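**Q** Hey, dropping my_file-v8.cif in here, mmCIF, C-alpha atoms:
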```
data_work
loop_
_atom_site.group_PDB
_atom_site.id
_atom_site.type_symbol
_atom_site.label_atom_id
_atom_site.label_comp_id
_atom_site.auth_asym_id
_atom_site.auth_seq_id
_atom_site.Cartn_x
_atom_site.Cartn_y
_atom_site.Cartn_z
ATOM 1 C CA MET A 13 130.567 -17.932 138.290
ATOM 2 C CA THR A 14 133.269 -20.408 137.323
ATOM 3 C CA GLU A 15 136.410 -18.815 135.914
ATOM 4 C CA PRO A 16 137.547 -19.898 132.419
ATOM 5 C CA ARG A 17 139.999 -22.844 132.399
ATOM 6 C CA SER A 18 142.439 -24.043 129.787
ATOM 7 C CA ILE A 19 141.649 -27.485 128.408
ATOM 8 C CA ASP A 20 144.839 -29.525 128.310
ATOM 9 C CA GLY A 21 145.972 -33.112 128.724
ATOM 10 C CA ALA A 22 146.182 -32.890 132.500
ATOM 11 C CA LEU A 23 142.583 -31.680 132.803
ATOM 12 C CA LEU A 24 141.264 -34.377 130.485
ATOM 13 C CA LYS A 25 143.062 -37.108 132.439
ATOM 14 C CA ALA A 26 141.391 -35.823 135.607
ATOM 15 C CA LEU A 27 137.955 -36.184 133.962
ATOM 16 C CA PRO A 28 137.581 -39.864 133.015
ATOM 17 C CA LEU A 29 134.714 -40.972 130.812
ATOM 18 C CA PRO A 30 131.547 -41.933 132.708
ATOM 19 C CA GLU A 31 131.210 -45.658 133.305
ATOM 20 C CA PRO A 32 127.947 -46.436 135.112
ATOM 21 C CA PRO A 33 128.306 -50.119 136.121
ATOM 22 C CA ASP A 34 124.677 -51.022 135.528
ATOM 23 C CA GLY A 35 123.612 -47.959 133.595
ATOM 24 C CA SER A 36 122.024 -47.505 130.207
ATOM 25 C CA LYS A 37 122.933 -45.318 127.263
ATOM 26 C CA GLU A 38 120.474 -42.752 128.573
ATOM 27 C CA GLU A 39 122.457 -42.402 131.791
ATOM 28 C CA ARG A 40 125.518 -41.431 129.794
ATOM 29 C CA GLY A 41 123.616 -38.522 128.302
ATOM 30 C CA ARG A 42 122.028 -37.530 125.027
ATOM 31 C CA ILE A 43 123.688 -35.140 122.568
ATOM 32 C CA SER A 44 121.943 -33.550 119.596
ATOM 33 C CA ILE A 45 123.905 -32.060 116.700
ATOM 34 C CA ILE A 46 122.207 -29.725 114.238
ATOM 35 C CA GLY A 47 124.164 -28.704 111.183
ATOM 36 C CA GLY A 48 125.722 -29.698 107.924
ATOM 37 C CA SER A 49 124.948 -28.683 104.362
ATOM 38 C CA ARG A 50 125.013 -30.237 100.930
ATOM 39 C CA HIS A 51 128.575 -29.065 100.330
ATOM 40 C CA VAL A 52 129.967 -29.525 103.882
ATOM 41 C CA PRO A 53 128.349 -32.752 105.130
ATOM 42 C CA GLY A 54 131.393 -34.086 106.986
ATOM 43 C CA ALA A 55 131.415 -31.503 109.767
ATOM 44 C CA VAL A 56 128.547 -33.152 111.657
ATOM 45 C CA LEU A 57 130.193 -36.548 111.148
ATOM 46 C CA LEU A 58 133.387 -35.332 112.852
ATOM 47 C CA ALA A 59 131.336 -33.713 115.615
ATOM 48 C CA GLY A 60 129.432 -36.955 116.128
ATOM 49 C CA HIS A 61 132.632 -38.968 116.502
ATOM 50 C CA GLY A 62 133.840 -36.430 119.065
ATOM 51 C CA ALA A 63 130.599 -36.694 121.037
ATOM 52 C CA LEU A 64 130.806 -40.488 121.231
ATOM 53 C CA ARG A 65 134.468 -40.444 122.185
ATOM 54 C CA ALA A 66 133.639 -37.996 124.963
ATOM 55 C CA GLY A 67 131.257 -40.558 126.433
ATOM 56 C CA ALA A 68 127.804 -39.678 125.083
ATOM 57 C CA GLY A 69 125.348 -42.540 125.413
ATOM 58 C CA LYS A 70 122.914 -41.438 122.714
ATOM 59 C CA LEU A 71 123.627 -39.298 119.682
ATOM 60 C CA GLN A 72 121.218 -37.760 117.224
ATOM 61 C CA ILE A 73 122.235 -35.692 114.216
ATOM 62 C CA ALA A 74 119.900 -33.460 112.229
ATOM 63 C CA THR A 75 121.176 -32.518 108.792
ATOM 64 C CA VAL A 76 120.066 -31.812 105.236
ATOM 65 C CA GLU A 77 118.003 -34.548 103.633
ATOM 66 C CA SER A 78 120.310 -34.919 100.622
ATOM 67 C CA ARG A 79 123.198 -36.077 102.839
ATOM 68 C CA ALA A 80 121.375 -37.787 105.703
ATOM 69 C CA GLY A 81 121.391 -41.248 104.137
ATOM 70 C CA ALA A 82 125.149 -41.290 103.584
ATOM 71 C CA LEU A 83 125.682 -39.968 107.104
ATOM 72 C CA ALA A 84 123.508 -42.705 108.609
ATOM 73 C CA LEU A 85 125.576 -45.368 106.853
ATOM 74 C CA SER A 86 128.829 -43.743 107.999
ATOM 75 C CA MET A 87 127.681 -43.528 111.624
ATOM 76 C CA PRO A 88 125.296 -46.386 112.451
ATOM 77 C CA GLU A 89 125.498 -45.530 116.177
ATOM 78 C CA ALA A 90 123.571 -42.297 115.624
ATOM 79 C CA LEU A 91 119.936 -41.487 114.987
ATOM 80 C CA VAL A 92 120.127 -39.381 111.829
ATOM 81 C CA ILE A 93 117.258 -37.008 111.130
ATOM 82 C CA ASP A 94 116.806 -35.750 107.568
ATOM 83 C CA LEU A 95 115.426 -32.233 107.333
ATOM 84 C CA PRO A 96 114.281 -30.223 104.297
ATOM 85 C CA GLU A 97 116.917 -27.979 102.771
ATOM 86 C CA THR A 98 117.028 -24.775 100.796
ATOM 87 C CA PRO A 99 117.728 -24.784 97.033
ATOM 88 C CA ALA A 100 121.354 -24.033 97.942
ATOM 89 C CA GLY A 101 121.536 -27.200 100.071
ATOM 90 C CA ARG A 102 121.400 -25.629 103.544
ATOM 91 C CA LEU A 103 119.138 -26.260 106.529
ATOM 92 C CA GLN A 104 115.825 -24.436 106.673
ATOM 93 C CA ALA A 105 114.889 -22.873 110.002
ATOM 94 C CA GLY A 106 111.238 -23.944 109.999
ATOM 95 C CA PRO A 107 111.733 -27.731 110.203
ATOM 96 C CA VAL A 108 114.331 -27.345 112.981
ATOM 97 C CA VAL A 109 111.978 -25.136 115.003
ATOM 98 C CA ALA A 110 109.181 -27.675 114.507
ATOM 99 C CA GLU A 111 111.332 -30.269 116.331
ATOM 100 C CA LEU A 112 112.011 -28.178 119.464
ATOM 101 C CA ALA A 113 110.503 -30.852 121.715
ATOM 102 C CA ARG A 114 113.101 -33.318 120.417
ATOM 103 C CA TRP A 115 116.048 -30.989 121.111
ATOM 104 C CA ASP A 116 114.654 -30.226 124.552
ATOM 105 C CA ARG A 117 115.364 -33.818 125.628
ATOM 106 C CA ALA A 118 119.110 -33.486 125.037
ATOM 107 C CA GLN A 119 121.650 -32.818 127.776
ATOM 108 C CA ALA A 120 123.781 -30.920 125.239
ATOM 109 C CA LEU A 121 123.103 -29.279 121.878
ATOM 110 C CA LEU A 122 125.700 -28.512 119.225
ATOM 111 C CA VAL A 123 124.480 -26.172 116.504
ATOM 112 C CA GLY A 124 126.377 -24.857 113.521
ATOM 113 C CA PRO A 125 129.007 -27.327 112.247
ATOM 114 C CA GLY A 126 128.979 -27.384 108.464
ATOM 115 C CA MET A 127 126.505 -24.495 108.282
ATOM 116 C CA VAL A 128 127.177 -21.153 106.599
ATOM 117 C CA GLU A 129 126.173 -17.669 107.634
ATOM 118 C CA GLU A 130 122.671 -16.862 106.416
ATOM 119 C CA PRO A 131 119.328 -15.824 107.958
ATOM 120 C CA ASP A 132 118.162 -19.423 108.464
ATOM 121 C CA SER A 133 121.317 -20.250 110.453
ATOM 122 C CA HIS A 134 120.713 -17.405 112.879
ATOM 123 C CA ALA A 135 116.996 -18.214 113.126
ATOM 124 C CA ILE A 136 117.877 -21.808 114.071
ATOM 125 C CA LEU A 137 120.176 -20.693 116.884
ATOM 126 C CA GLU A 138 117.689 -18.085 118.096
ATOM 127 C CA SER A 139 114.906 -20.667 118.319
ATOM 128 C CA LEU A 140 117.108 -23.130 120.229
ATOM 129 C CA VAL A 141 118.257 -20.517 122.734
ATOM 130 C CA ALA A 142 114.718 -19.317 123.385
ATOM 131 C CA GLY A 143 112.797 -22.559 123.044
ATOM 132 C CA THR A 144 114.820 -25.325 124.703
ATOM 133 C CA ASP A 145 115.985 -26.094 128.231
ATOM 134 C CA ALA A 146 119.066 -28.067 127.201
ATOM 135 C CA PRO A 147 121.651 -27.498 129.963
ATOM 136 C CA VAL A 148 124.437 -26.859 127.442
ATOM 137 C CA ILE A 149 124.392 -25.246 123.998
ATOM 138 C CA VAL A 150 127.614 -25.271 121.994
ATOM 139 C CA VAL A 151 127.701 -22.915 119.010
ATOM 140 C CA ASP A 152 129.964 -23.322 116.001
ATOM 141 C CA ALA A 153 130.641 -22.146 112.461
ATOM 142 C CA GLY A 154 127.646 -20.713 110.572
ATOM 143 C CA ALA A 155 125.578 -20.167 113.718
ATOM 144 C CA LEU A 156 128.164 -17.784 115.223
ATOM 145 C CA PRO A 157 128.384 -14.566 113.171
ATOM 146 C CA ARG A 158 125.260 -12.799 114.539
ATOM 147 C CA ILE A 159 125.533 -14.121 118.057
ATOM 148 C CA ARG A 160 125.883 -10.596 119.453
ATOM 149 C CA ASP A 161 122.164 -10.172 118.721
ATOM 150 C CA LEU A 162 121.368 -12.874 121.297
ATOM 151 C CA GLN A 163 123.414 -11.640 124.257
ATOM 152 C CA GLY A 164 120.378 -10.979 126.448
ATOM 153 C CA ALA A 165 118.770 -14.342 125.746
ATOM 154 C CA LEU A 166 122.050 -16.192 126.300
ATOM 155 C CA ARG A 167 122.708 -14.537 129.651
ATOM 156 C CA ALA A 168 119.157 -15.338 130.756
ATOM 157 C CA ARG A 169 119.526 -19.063 130.106
ATOM 158 C CA ARG A 170 119.755 -21.397 133.098
ATOM 159 C CA GLY A 171 122.418 -23.487 131.372
ATOM 160 C CA ARG A 172 125.833 -22.439 130.106
ATOM 161 C CA PRO A 173 126.420 -21.689 126.437
ATOM 162 C CA SER A 174 129.883 -22.455 125.100
ATOM 163 C CA SER A 175 131.957 -21.778 122.029
ATOM 164 C CA ARG A 176 135.549 -22.344 120.892
ATOM 165 C CA PRO A 177 135.755 -20.653 117.475
ATOM 166 C CA MET A 178 138.964 -20.014 115.602
ATOM 167 C CA ARG A 179 140.472 -16.529 115.578
ATOM 168 C CA GLU A 180 138.907 -15.497 112.275
ATOM 169 C CA LYS A 181 135.437 -16.413 113.604
ATOM 170 C CA TRP A 182 135.977 -14.191 116.644
ATOM 171 C CA ARG A 183 136.939 -11.319 114.397
ATOM 172 C CA THR A 184 133.727 -11.820 112.456
ATOM 173 C CA CYS A 185 131.623 -11.982 115.629
ATOM 174 C CA LEU A 186 133.265 -8.953 117.210
ATOM 175 C CA LYS A 187 133.528 -7.008 113.942
ATOM 176 C CA SER A 188 137.071 -6.200 114.975
ATOM 177 C CA THR A 189 140.609 -6.580 113.673
ATOM 178 C CA ARG A 190 142.038 -6.990 117.180
ATOM 179 C CA ARG A 191 144.079 -10.170 117.580
ATOM 180 C CA ARG A 192 143.632 -10.702 121.319
ATOM 181 C CA TRP A 193 140.729 -10.589 123.760
ATOM 182 C CA ARG A 194 140.539 -11.113 127.478
ATOM 183 C CA PRO A 195 137.764 -12.962 129.385
ATOM 184 C CA ILE A 196 135.539 -11.189 131.884
ATOM 185 C CA ARG A 197 134.016 -12.625 135.055
ATOM 186 C CA MET A 198 130.771 -13.740 133.435
ATOM 187 C CA GLY A 199 132.748 -15.912 131.037
ATOM 188 C CA TRP A 200 132.070 -13.769 127.973
ATOM 189 C CA PRO A 201 134.897 -12.695 125.682
ATOM 190 C CA VAL A 202 135.500 -8.987 125.408
ATOM 191 C CA ASP A 203 137.035 -6.819 122.733
ATOM 192 C CA SER A 204 139.819 -5.427 124.896
ATOM 193 C CA GLN A 205 139.913 -2.173 122.941
ATOM 194 C CA LYS A 206 136.202 -1.319 122.971
ATOM 195 C CA ASN A 207 135.245 -3.371 126.044
ATOM 196 C CA SER A 208 132.097 -4.648 124.323
ATOM 197 C CA ALA A 209 130.905 -8.082 125.434
ATOM 198 C CA SER A 210 130.145 -10.594 122.760
ATOM 199 C CA SER A 211 129.566 -14.335 122.731
ATOM 200 C CA TRP A 212 130.985 -16.442 125.281
ATOM 201 C CA CYS A 213 133.468 -18.514 127.250
#
```
Let me see the structure of the file written as structure tokens.
**A**
Amino acid sequence: MTEPRSIDGALLKALPLPEPPDGSKEERGRISIIGGSRHVPGAVLLAGHGALRAGAGKLQIATVESRAGALALSMPEALVIDLPETPAGRLQAGPVVAELARWDRAQALLVGPGMVEEPDSHAILESLVAGTDAPVIVVDAGALPRIRDLQGALRARRGRPSSRPMREKWRTCLKSTRRRWRPIRMGWPVDSQKNSASSWC
């Protein structure tokens, strides 16, 4: 298992963006982003810009229908998918699950930006972990808080899940007030006081 590495300027310079001389957008890879809400629509926009700057060839963003049109105009490079939302303006789990075949074609999935903690958010992540073969799943924001419930499914995946939450998110995930954690060999963060594995790298 690869040991955790710090991401800094030197590492990024050693990993230039892919430039296939005669390749297509598909050869650069497809990224799918699932997230956003009526009140936090910009999170998926920022994530989309980051994906394209990292070299993604194709980008698709699934977000709430009330904000999808504005997002499509702001990011014409992306395929924007409008999905039904709850009365509170958040993604429903059912429509995301119904599109599993679409997410399965991505080389990387990002789920959670702009979402808030609620049962539908966890159900979305659970369905993606269990129902897709995407090599990489990155988890953020509203999809994180109940990630401990999915430890078994995450470890069983062939690909590598990844997350870089802020300190307060880790405290929520670990249900701990500890300020520091240490990584273990499998790449999962550990509460150094209780030694209980939680979500990952």
**Q** Which residues match the PyMOL selection byres ((chain A and resi 56) around 9) in the file above, as a compact mmCIF listing (two decimals) with C-alpha atoms, keeping the file's coordinate frame?
**A**
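Result saved to selection-v5.txt:
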```txt
# COMPACT_ATOMS: atom_id res chain seq x y z
CA ILE A 45 123.90 -32.06 116.70
CA ILE A 46 122.21 -29.72 114.24
CA GLY A 47 124.16 -28.70 111.18
CA GLY A 48 125.72 -29.70 107.92
CA VAL A 52 129.97 -29.52 103.88
CA PRO A 53 128.35 -32.75 105.13
CA GLY A 54 131.39 -34.09 106.99
CA ALA A 55 131.42 -31.50 109.77
CA LEU A 57 130.19 -36.55 111.15
CA LEU A 58 133.39 -35.33 112.85
CA ALA A 59 131.34 -33.71 115.62
CA GLY A 60 129.43 -36.96 116.13
CA HIS A 61 132.63 -38.97 116.50
CA ILE A 73 122.24 -35.69 114.22
CA ALA A 74 119.90 -33.46 112.23
CA THR A 75 121.18 -32.52 108.79
CA LEU A 83 125.68 -39.97 107.10
CA GLY A 124 126.38 -24.86 113.52
CA PRO A 125 129.01 -27.33 112.25
CA GLY A 126 128.98 -27.38 108.46
```
**Q** Using only C-alpha atoms, find the one residue out of A:Glu77, A:Glu15, A:Asp20, A:Glu39 that sits nearest to Pro107 in chain A.
**A**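 Distance minimum relative to Pro107 in chain A lands on A:Glu77.
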**Q** Using the chain letters and numbers from the file, give me the residues hit by the PyMOL selection byres ((chain A and resi 154) around 8), as a ChimeraX atom specification.
**A** /A:124-130,133,152-153,155-157
**Q** Report the residues retrieved by the PyMOL selection byres ((chain A and resi 40) around 6) from the displayed file, expressed as a PyMOL selection string.
**A** chain A and resi 37-39+41+68-69
**Q** Please determine, counting all atoms listed in the file, which residue among A:Pro131, A:Pro88, A:Gly143, A:Gly62 has the shortest atom-to-atom distance to Ala110 in chain A.
**A**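 Checking each of A:Pro131, A:Pro88, A:Gly143, A:Gly62 against Ala110 in chain A, counting all atoms listed in the file, the winner is A:Gly143.
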**Q** Using only C-alpha atoms for the distances, tell me which of A:Val108, A:Ile19, A:Leu166, A:Leu64 is nearest to Met87 in chain A.
**A** A:Leu64
**Q** Once you count only C-alpha atoms, which residues end up no further than 6 Å from (120.4, -36.6, 127.2) in the file's frame, shown as a list in words?
**A**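 Those residues, ordered by chain and then number, are Gly41, Arg42, Ile43, Arg117, Ala118 and Gln119 of chain A.
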**Q** If you measure from CA of Leu27 in chain A to CA of Asp116 in chain A, what distance in Å do you get, rounded to one decimal?
**A**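 These two atoms are separated by 25.8 Å.
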**Q** Pick out the closest residue to Gln104 in chain A from this set: A:Ala135, A:Leu122, A:Val92, A:Ala66. Count all atoms listed in the file.
**A**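 Smallest separation from Gln104 in chain A among the options: A:Ala135.
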**Q** Work out how far apart CA of Arg158 in chain A and CA of Ala100 in chain A are and give it in Å to one decimal.
**A**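 So the answer is 20.4 Å.
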**Q** Tell me which of A:Ile159, A:Val150, A:Ala165, A:Ala84 sits closest to Ser44 in chain A, counting all atoms listed in the file.
**A** A:Val150
**Q** Using all atoms listed in the file, which residue out of A:Ser86, A:Ser18, A:Ser139, A:Gln163 lies closest to Ala113 in chain A?
**A**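 Selected residue with least distance to Ala113 in chain A: A:Ser139.
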**Q** How many Å lie between CA of Gly164 in chain A and CA of Trp115 in chain A, rounded to one decimal?
**A**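 Pair CA of Gly164 in chain A / CA of Trp115 in chain A returns 21.2 Å.
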**Q** Please reconstruct the missing atoms of range 68-99 of chain A (target: N, CA and C atoms) and return them as a compact mmCIF listing (two decimals), keeping the file's coordinate frame.
**A**
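Listing of result-v5.txt after writing:
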```txt
# COMPACT_ATOMS: atom_id res chain seq x y z
N ALA A 68 129.25 -39.79 125.26
CA ALA A 68 127.80 -39.68 125.08
C ALA A 68 127.18 -41.06 124.90
N GLY A 69 126.04 -41.26 125.54
CA GLY A 69 125.35 -42.54 125.41
C GLY A 69 124.47 -42.61 124.19
N LYS A 70 123.79 -41.51 123.88
CA LYS A 70 122.91 -41.44 122.71
C LYS A 70 123.27 -40.20 121.90
N LEU A 71 123.26 -40.38 120.60
CA LEU A 71 123.63 -39.30 119.68
C LEU A 71 122.58 -39.20 118.59
N GLN A 72 122.10 -37.99 118.36
CA GLN A 72 121.22 -37.76 117.22
C GLN A 72 121.75 -36.57 116.43
N ILE A 73 121.70 -36.71 115.11
CA ILE A 73 122.24 -35.69 114.22
C ILE A 73 121.14 -35.29 113.24
N ALA A 74 120.86 -34.00 113.18
CA ALA A 74 119.90 -33.46 112.23
C ALA A 74 120.67 -32.73 111.14
N THR A 75 120.44 -33.13 109.89
CA THR A 75 121.18 -32.52 108.79
C THR A 75 120.31 -32.49 107.54
N VAL A 76 120.85 -31.96 106.47
CA VAL A 76 120.07 -31.81 105.24
C VAL A 76 119.70 -33.17 104.65
N GLU A 77 118.52 -33.26 104.09
CA GLU A 77 118.00 -34.55 103.63
C GLU A 77 118.86 -35.17 102.54
N SER A 78 119.52 -34.36 101.73
CA SER A 78 120.31 -34.92 100.62
C SER A 78 121.56 -35.65 101.09
N ARG A 79 121.98 -35.44 102.32
CA ARG A 79 123.20 -36.08 102.84
C ARG A 79 122.93 -36.98 104.04
N ALA A 80 121.69 -37.03 104.49
CA ALA A 80 121.38 -37.79 105.70
C ALA A 80 121.59 -39.29 105.52
N GLY A 81 121.25 -39.82 104.36
CA GLY A 81 121.39 -41.25 104.14
C GLY A 81 122.84 -41.70 104.21
N ALA A 82 123.73 -40.95 103.55
CA ALA A 82 125.15 -41.29 103.58
C ALA A 82 125.70 -41.17 104.99
N LEU A 83 125.23 -40.16 105.73
CA LEU A 83 125.68 -39.97 107.10
C LEU A 83 125.25 -41.13 107.99
N ALA A 84 124.02 -41.59 107.81
CA ALA A 84 123.51 -42.70 108.61
C ALA A 84 124.32 -43.98 108.38
N LEU A 85 124.76 -44.20 107.14
CA LEU A 85 125.58 -45.37 106.85
C LEU A 85 126.98 -45.22 107.44
N SER A 86 127.48 -43.99 107.47
CA SER A 86 128.83 -43.74 108.00
C SER A 86 128.86 -43.81 109.52
N MET A 87 127.74 -43.53 110.16
CA MET A 87 127.68 -43.53 111.62
C MET A 87 126.44 -44.28 112.09
N PRO A 88 126.48 -45.60 112.08
CA PRO A 88 125.30 -46.39 112.45
C PRO A 88 124.91 -46.24 113.92
N GLU A 89 125.82 -45.71 114.76
CA GLU A 89 125.50 -45.53 116.18
C GLU A 89 124.50 -44.41 116.41
N ALA A 90 124.37 -43.51 115.44
CA ALA A 90 123.57 -42.30 115.62
C ALA A 90 122.18 -42.43 115.02
N LEU A 91 121.24 -41.71 115.61
CA LEU A 91 119.94 -41.49 114.99
C LEU A 91 120.10 -40.27 114.08
N VAL A 92 119.94 -40.46 112.79
CA VAL A 92 120.13 -39.38 111.83
C VAL A 92 118.76 -38.90 111.35
N ILE A 93 118.53 -37.62 111.48
CA ILE A 93 117.26 -37.01 111.13
C ILE A 93 117.43 -36.18 109.87
N ASP A 94 116.71 -36.51 108.82
CA ASP A 94 116.81 -35.75 107.57
C ASP A 94 115.80 -34.61 107.57
N LEU A 95 116.27 -33.42 107.32
CA LEU A 95 115.43 -32.23 107.33
C LEU A 95 115.45 -31.55 105.97
N PRO A 96 114.33 -30.92 105.59
CA PRO A 96 114.28 -30.22 104.30
C PRO A 96 115.37 -29.16 104.20
N GLU A 97 115.84 -28.95 102.99
CA GLU A 97 116.92 -27.98 102.77
C GLU A 97 116.51 -26.91 101.76
N THR A 98 117.26 -25.85 101.75
CA THR A 98 117.03 -24.78 100.80
C THR A 98 117.54 -25.20 99.42
N PRO A 99 117.19 -24.45 98.36
CA PRO A 99 117.73 -24.78 97.03
C PRO A 99 119.26 -24.81 96.99
```
